[in-house]
Amino acid sequence: MGEDAQVTDSMRHLFRRLGMVVLALATVVALYLLAAWLLPKVPVNAGAAQPEDGIAIYLLSNGVHTDLVLPLANTEQDWRELIDPQHTVRPDSLAQWVAFGWGDKGFYLNTPTWADLSASTALKAAFGLSGTAMHITYHRDLDQGPMCHRILLSPEAYARLVGYIVSGFARDAAGNAMHIAGGRYTDSDAFYEATGRYHLFHTCNGWTNEGLKACGAQACLWTPFQAGLMDLYARAP
């Protein structure tokens, strides 16, 4: 075999291998998207009834990310014992609600808008190569709508949800939640160090979904995107 023929044969092998890699990646992406479309349609706790006189929480979405919104303070839990409203730029004494969102720390802190998203940040988040953070936002009130659903929980279910959220905070040696100085989007939010790993199969919306599962509320079998949860509660009676 001549030298030119050997080079041509090597190139064929190289392109064949590259084609196999591309096909494998495309297959993985297709399977992921198929699961992300199908599994949110499988309900968990489908028969869960909301008590008429239960404790109100909210499922809130910004169109991409979901938060669990709880009363800032009630007889069951005063969140000011764990997180400090003074960590916001402009503490609001009239705030009645606090929203909790868990996610990739690098994505949270380095991507205040989609225009700030970099390939390295996205890849680190997708493959669990970054830490995690808890995003806290204070609200005076919330309006129900397509992106904000009210859920009523029994005191027992509410206590389970509180325990789930508390377990998402990393603590220092003294047991205090660790504020991330300088991290914020607005004057009414703050960030704290969190536990767990964010990756393609455990996203911010997956964390919210697991919280709803933990307290016995209606949830999806699995969902990486906000649409699964918002569609579920749009259909809920």
# chains A, B, ... in the order shown; residues from 1 in each chain; ligands from 1
call {"tool": "closest_atom_pairs", "arguments": {"of": "range 53-114 of chain A", "to": "range 209-216 of chain A", "cutoff": "10 Å", "atoms": "only C-alpha atoms", "output": "tab-separated table"}}
result
residue	atom	partner	partner_atom	distance
A:Leu59	CA	A:Leu212	CA	9.4
A:Thr66	CA	A:Asn209	CA	9.1
A:Asp67	CA	A:Asn209	CA	9.8
A:Leu68	CA	A:Gly211	CA	8.3
call {"tool": "write_last_selection", "arguments": {"atoms": "N, CA and C atoms", "output": "compact mmCIF listing (two decimals), in the first residue's frame"}}
result
# COMPACT_ATOMS: atom_id res chain seq x y z
N LEU A 59 -45.35 27.69 44.71
CA LEU A 59 -44.41 27.22 43.71
C LEU A 59 -44.29 28.34 42.70
N THR A 66 -37.37 27.33 39.23
CA THR A 66 -38.47 27.33 40.20
C THR A 66 -37.95 27.54 41.62
N ASP A 67 -38.76 28.20 42.42
CA ASP A 67 -38.50 28.42 43.84
C ASP A 67 -39.64 27.84 44.66
N LEU A 68 -39.31 27.44 45.87
CA LEU A 68 -40.31 27.12 46.88
C LEU A 68 -40.42 28.34 47.79
call {"tool": "select_by_dssp", "arguments": {"residues": "chain A", "states": "helix (DSSP H, G or I)", "output": "compact mmCIF listing (two decimals) with N, CA and C atoms, in the first residue's frame"}}
result
# COMPACT_ATOMS: atom_id res chain seq x y z
N GLU A 3 2.00 5.30 0.26
CA GLU A 3 1.89 6.24 1.37
C GLU A 3 0.58 7.02 1.30
N ASP A 4 0.17 7.45 0.08
CA ASP A 4 -1.07 8.20 -0.06
C ASP A 4 -2.27 7.35 0.34
N ALA A 5 -2.23 6.08 -0.03
CA ALA A 5 -3.34 5.19 0.31
C ALA A 5 -3.42 4.97 1.81
N GLN A 6 -2.27 4.88 2.49
CA GLN A 6 -2.25 4.71 3.94
C GLN A 6 -2.85 5.94 4.64
N VAL A 7 -2.49 7.12 4.13
CA VAL A 7 -3.04 8.36 4.71
C VAL A 7 -4.55 8.40 4.53
N THR A 8 -5.00 8.03 3.33
CA THR A 8 -6.44 8.03 3.05
C THR A 8 -7.17 7.05 3.96
N ASP A 9 -6.59 5.87 4.16
CA ASP A 9 -7.20 4.86 5.02
C ASP A 9 -7.27 5.35 6.47
N SER A 10 -6.21 6.00 6.93
CA SER A 10 -6.18 6.53 8.30
C SER A 10 -7.25 7.61 8.48
N MET A 11 -7.40 8.44 7.46
CA MET A 11 -8.41 9.49 7.53
C MET A 11 -9.82 8.90 7.60
N ARG A 12 -10.03 7.81 6.83
CA ARG A 12 -11.35 7.16 6.87
C ARG A 12 -11.64 6.64 8.27
N HIS A 13 -10.65 6.00 8.89
CA HIS A 13 -10.82 5.48 10.25
C HIS A 13 -11.10 6.61 11.23
N LEU A 14 -10.39 7.72 11.08
CA LEU A 14 -10.58 8.86 11.97
C LEU A 14 -11.99 9.43 11.86
N PHE A 15 -12.43 9.64 10.60
CA PHE A 15 -13.78 10.20 10.40
C PHE A 15 -14.85 9.21 10.86
N ARG A 16 -14.59 7.90 10.68
CA ARG A 16 -15.55 6.90 11.15
C ARG A 16 -15.70 6.97 12.66
N ARG A 17 -14.58 7.11 13.36
CA ARG A 17 -14.63 7.20 14.82
C ARG A 17 -15.29 8.49 15.28
N LEU A 18 -14.97 9.59 14.60
CA LEU A 18 -15.62 10.85 14.94
C LEU A 18 -17.13 10.76 14.72
N GLY A 19 -17.52 10.10 13.63
CA GLY A 19 -18.94 9.94 13.36
C GLY A 19 -19.62 9.12 14.44
N MET A 20 -18.95 8.10 14.95
CA MET A 20 -19.51 7.27 16.02
C MET A 20 -19.67 8.08 17.31
N VAL A 21 -18.68 8.92 17.58
CA VAL A 21 -18.75 9.76 18.78
C VAL A 21 -19.92 10.74 18.67
N VAL A 22 -20.04 11.39 17.51
CA VAL A 22 -21.12 12.34 17.30
C VAL A 22 -22.47 11.64 17.41
N LEU A 23 -22.59 10.45 16.84
CA LEU A 23 -23.83 9.69 16.91
C LEU A 23 -24.16 9.31 18.35
N ALA A 24 -23.13 8.90 19.11
CA ALA A 24 -23.36 8.53 20.50
C ALA A 24 -23.84 9.74 21.31
N LEU A 25 -23.19 10.89 21.10
CA LEU A 25 -23.60 12.11 21.81
C LEU A 25 -25.02 12.52 21.45
N ALA A 26 -25.34 12.43 20.16
CA ALA A 26 -26.68 12.78 19.72
C ALA A 26 -27.72 11.85 20.32
N THR A 27 -27.37 10.57 20.45
CA THR A 27 -28.29 9.59 21.04
C THR A 27 -28.53 9.91 22.51
N VAL A 28 -27.45 10.24 23.24
CA VAL A 28 -27.57 10.58 24.67
C VAL A 28 -28.46 11.81 24.84
N VAL A 29 -28.23 12.84 24.02
CA VAL A 29 -29.03 14.06 24.11
C VAL A 29 -30.50 13.76 23.81
N ALA A 30 -30.73 12.94 22.78
CA ALA A 30 -32.10 12.60 22.40
C ALA A 30 -32.80 11.83 23.52
N LEU A 31 -32.11 10.89 24.14
CA LEU A 31 -32.70 10.12 25.23
C LEU A 31 -32.98 11.00 26.44
N TYR A 32 -32.06 11.94 26.72
CA TYR A 32 -32.26 12.86 27.84
C TYR A 32 -33.50 13.72 27.61
N LEU A 33 -33.62 14.26 26.41
CA LEU A 33 -34.76 15.12 26.11
C LEU A 33 -36.06 14.32 26.11
N LEU A 34 -36.00 13.08 25.65
CA LEU A 34 -37.19 12.23 25.67
C LEU A 34 -37.62 11.97 27.11
N ALA A 35 -36.66 11.65 27.98
CA ALA A 35 -36.98 11.43 29.39
C ALA A 35 -37.51 12.71 30.02
N ALA A 36 -36.92 13.85 29.65
CA ALA A 36 -37.35 15.13 30.20
C ALA A 36 -38.75 15.51 29.74
N TRP A 37 -39.21 14.92 28.65
CA TRP A 37 -40.57 15.16 28.17
C TRP A 37 -41.56 14.17 28.76
N LEU A 38 -41.13 12.90 28.90
CA LEU A 38 -42.05 11.86 29.35
C LEU A 38 -42.20 11.79 30.87
N LEU A 39 -41.09 11.78 31.60
CA LEU A 39 -41.15 11.53 33.03
C LEU A 39 -41.88 12.60 33.83
N PRO A 40 -41.85 13.87 33.44
CA PRO A 40 -42.66 14.84 34.18
C PRO A 40 -44.16 14.57 34.10
N LYS A 41 -44.57 13.79 33.10
CA LYS A 41 -45.99 13.48 32.94
C LYS A 41 -46.44 12.35 33.86
N TRP A 79 -37.67 31.63 59.73
CA TRP A 79 -36.47 31.48 58.90
C TRP A 79 -35.38 32.47 59.26
N ARG A 80 -35.74 33.52 60.00
CA ARG A 80 -34.73 34.51 60.40
C ARG A 80 -33.75 33.94 61.42
N GLU A 81 -34.06 32.76 61.95
CA GLU A 81 -33.12 32.09 62.85
C GLU A 81 -32.01 31.39 62.06
N PRO A 85 -32.16 38.60 56.99
CA PRO A 85 -32.59 39.59 55.99
C PRO A 85 -31.60 40.73 55.82
N GLN A 86 -30.76 40.97 56.82
CA GLN A 86 -29.76 42.03 56.72
C GLN A 86 -28.69 41.71 55.68
N HIS A 87 -28.66 40.48 55.19
CA HIS A 87 -27.70 40.13 54.14
C HIS A 87 -28.13 40.68 52.78
N LYS A 105 -23.60 26.84 41.89
CA LYS A 105 -23.06 28.09 42.42
C LYS A 105 -22.46 28.95 41.31
N GLY A 106 -21.67 28.37 40.43
CA GLY A 106 -21.07 29.14 39.36
C GLY A 106 -22.11 29.73 38.42
N PHE A 107 -23.12 28.93 38.11
CA PHE A 107 -24.19 29.41 37.23
C PHE A 107 -24.93 30.56 37.90
N TYR A 108 -25.27 30.38 39.16
CA TYR A 108 -25.99 31.43 39.90
C TYR A 108 -25.20 32.73 39.94
N LEU A 109 -23.96 32.66 40.37
CA LEU A 109 -23.20 33.87 40.65
C LEU A 109 -22.62 34.52 39.40
N ASN A 110 -22.36 33.72 38.37
CA ASN A 110 -21.70 34.26 37.18
C ASN A 110 -22.65 34.52 36.03
N TRP A 114 -28.96 35.74 30.86
CA TRP A 114 -28.53 34.73 29.89
C TRP A 114 -27.38 35.24 29.02
N ALA A 115 -27.29 36.54 28.85
CA ALA A 115 -26.20 37.10 28.05
C ALA A 115 -24.85 36.87 28.71
N ASP A 116 -24.85 36.59 30.03
CA ASP A 116 -23.60 36.38 30.76
C ASP A 116 -23.17 34.91 30.77
N ALA A 119 -19.62 29.14 28.03
CA ALA A 119 -19.57 27.70 27.78
C ALA A 119 -18.97 26.97 28.97
N SER A 120 -17.95 27.54 29.59
CA SER A 120 -17.31 26.87 30.72
C SER A 120 -18.25 26.76 31.91
N THR A 121 -19.02 27.81 32.17
CA THR A 121 -19.99 27.78 33.27
C THR A 121 -21.05 26.73 33.01
N ALA A 122 -21.56 26.67 31.78
CA ALA A 122 -22.59 25.69 31.43
C ALA A 122 -22.08 24.26 31.55
N LEU A 123 -20.85 24.01 31.09
CA LEU A 123 -20.30 22.66 31.14
C LEU A 123 -20.02 22.22 32.57
N LYS A 124 -19.49 23.12 33.38
CA LYS A 124 -19.24 22.79 34.78
C LYS A 124 -20.54 22.45 35.49
N ALA A 125 -21.58 23.21 35.21
CA ALA A 125 -22.88 22.96 35.84
C ALA A 125 -23.45 21.62 35.37
N ALA A 126 -23.38 21.37 34.08
CA ALA A 126 -23.97 20.15 33.53
C ALA A 126 -23.35 18.88 34.09
N PRO A 155 -49.63 20.84 58.85
CA PRO A 155 -48.44 21.16 59.66
C PRO A 155 -47.37 20.09 59.56
N GLU A 156 -47.77 18.82 59.49
CA GLU A 156 -46.79 17.73 59.39
C GLU A 156 -46.06 17.78 58.05
N ALA A 157 -46.81 18.00 56.98
CA ALA A 157 -46.18 18.09 55.66
C ALA A 157 -45.29 19.32 55.58
N TYR A 158 -45.73 20.42 56.16
CA TYR A 158 -44.93 21.65 56.17
C TYR A 158 -43.62 21.42 56.92
N ALA A 159 -43.68 20.71 58.03
CA ALA A 159 -42.45 20.42 58.80
C ALA A 159 -41.48 19.60 57.97
N ARG A 160 -41.99 18.65 57.17
CA ARG A 160 -41.10 17.85 56.32
C ARG A 160 -40.45 18.73 55.25
N LEU A 161 -41.22 19.66 54.70
CA LEU A 161 -40.65 20.56 53.69
C LEU A 161 -39.59 21.47 54.31
N VAL A 162 -39.86 21.98 55.50
CA VAL A 162 -38.87 22.81 56.20
C VAL A 162 -37.59 22.02 56.41
N GLY A 163 -37.72 20.78 56.86
CA GLY A 163 -36.54 19.95 57.07
C GLY A 163 -35.75 19.72 55.80
N TYR A 164 -36.47 19.52 54.70
CA TYR A 164 -35.82 19.33 53.40
C TYR A 164 -35.02 20.57 53.01
N ILE A 165 -35.63 21.75 53.15
CA ILE A 165 -34.95 22.98 52.76
C ILE A 165 -33.75 23.25 53.67
N VAL A 166 -33.94 23.08 54.97
CA VAL A 166 -32.85 23.31 55.92
C VAL A 166 -31.65 22.43 55.58
N CYS A 204 -31.86 22.50 39.35
CA CYS A 204 -32.58 23.36 40.29
C CYS A 204 -34.06 22.99 40.37
N ASN A 205 -34.65 22.68 39.21
CA ASN A 205 -36.05 22.29 39.20
C ASN A 205 -36.25 20.89 39.77
N GLY A 206 -35.25 20.04 39.60
CA GLY A 206 -35.30 18.73 40.23
C GLY A 206 -35.27 18.84 41.75
N TRP A 207 -34.50 19.80 42.26
CA TRP A 207 -34.45 20.03 43.71
C TRP A 207 -35.81 20.47 44.22
N THR A 208 -36.46 21.39 43.53
CA THR A 208 -37.80 21.83 43.90
C THR A 208 -38.76 20.65 43.88
N ASN A 209 -38.69 19.86 42.83
CA ASN A 209 -39.57 18.70 42.69
C ASN A 209 -39.38 17.71 43.84
N GLU A 210 -38.13 17.48 44.22
CA GLU A 210 -37.85 16.56 45.33
C GLU A 210 -38.39 17.10 46.65
N GLY A 211 -38.39 18.42 46.80
CA GLY A 211 -38.96 19.02 48.00
C GLY A 211 -40.45 18.78 48.09
N LEU A 212 -41.14 18.89 46.96
CA LEU A 212 -42.58 18.63 46.94
C LEU A 212 -42.86 17.16 47.21
N LYS A 213 -42.03 16.29 46.67
CA LYS A 213 -42.17 14.87 46.98
C LYS A 213 -42.00 14.62 48.48
N ALA A 214 -40.99 15.27 49.05
CA ALA A 214 -40.65 15.03 50.46
C ALA A 214 -41.80 15.38 51.40
N GLN A 226 -38.55 23.50 34.42
CA GLN A 226 -39.66 24.05 35.19
C GLN A 226 -41.02 23.70 34.59
N ALA A 227 -41.08 23.45 33.31
CA ALA A 227 -42.37 23.23 32.65
C ALA A 227 -43.11 22.02 33.23
N GLY A 228 -42.37 20.99 33.62
CA GLY A 228 -43.02 19.81 34.16
C GLY A 228 -43.85 20.13 35.39
N LEU A 229 -43.28 20.88 36.32
CA LEU A 229 -43.98 21.25 37.55
C LEU A 229 -45.10 22.25 37.29
N MET A 230 -44.82 23.25 36.47
CA MET A 230 -45.83 24.26 36.24
C MET A 230 -47.03 23.68 35.48
N ASP A 231 -46.79 22.77 34.56
CA ASP A 231 -47.89 22.12 33.85
C ASP A 231 -48.69 21.24 34.81
N LEU A 232 -47.99 20.56 35.72
CA LEU A 232 -48.67 19.70 36.69
C LEU A 232 -49.63 20.51 37.55
N TYR A 233 -49.17 21.64 38.06
CA TYR A 233 -50.02 22.45 38.94
C TYR A 233 -51.04 23.26 38.18
N ALA A 234 -50.81 23.49 36.89
CA ALA A 234 -51.84 24.15 36.08
C ALA A 234 -53.04 23.22 35.90
N ARG A 235 -52.77 21.89 35.92
CA ARG A 235 -53.85 20.91 35.76
C ARG A 235 -54.49 20.52 37.08
call {"tool": "atom_distance", "arguments": {"atom1": "CA of Gly145 in chain A", "atom2": "CA of Leu94 in chain A"}}
result
22.3 Å
call {"tool": "residues_around", "arguments": {"residues": "Ala99 in chain A", "least_positions_apart": "5", "cutoff": "9 Å", "atoms": "only C-alpha atoms", "output": "list in words"}}
result
Tyr58, Leu60, Asp67, Leu68, Val69, Leu70, Pro71, Leu72, His135, Ile136, Thr137, Tyr138 and His139 of chain A
call {"tool": "atom_distance", "arguments": {"atom1": "CA of Gly128 in chain A", "atom2": "CA of Ile57 in chain A"}}
result
29.5 Å
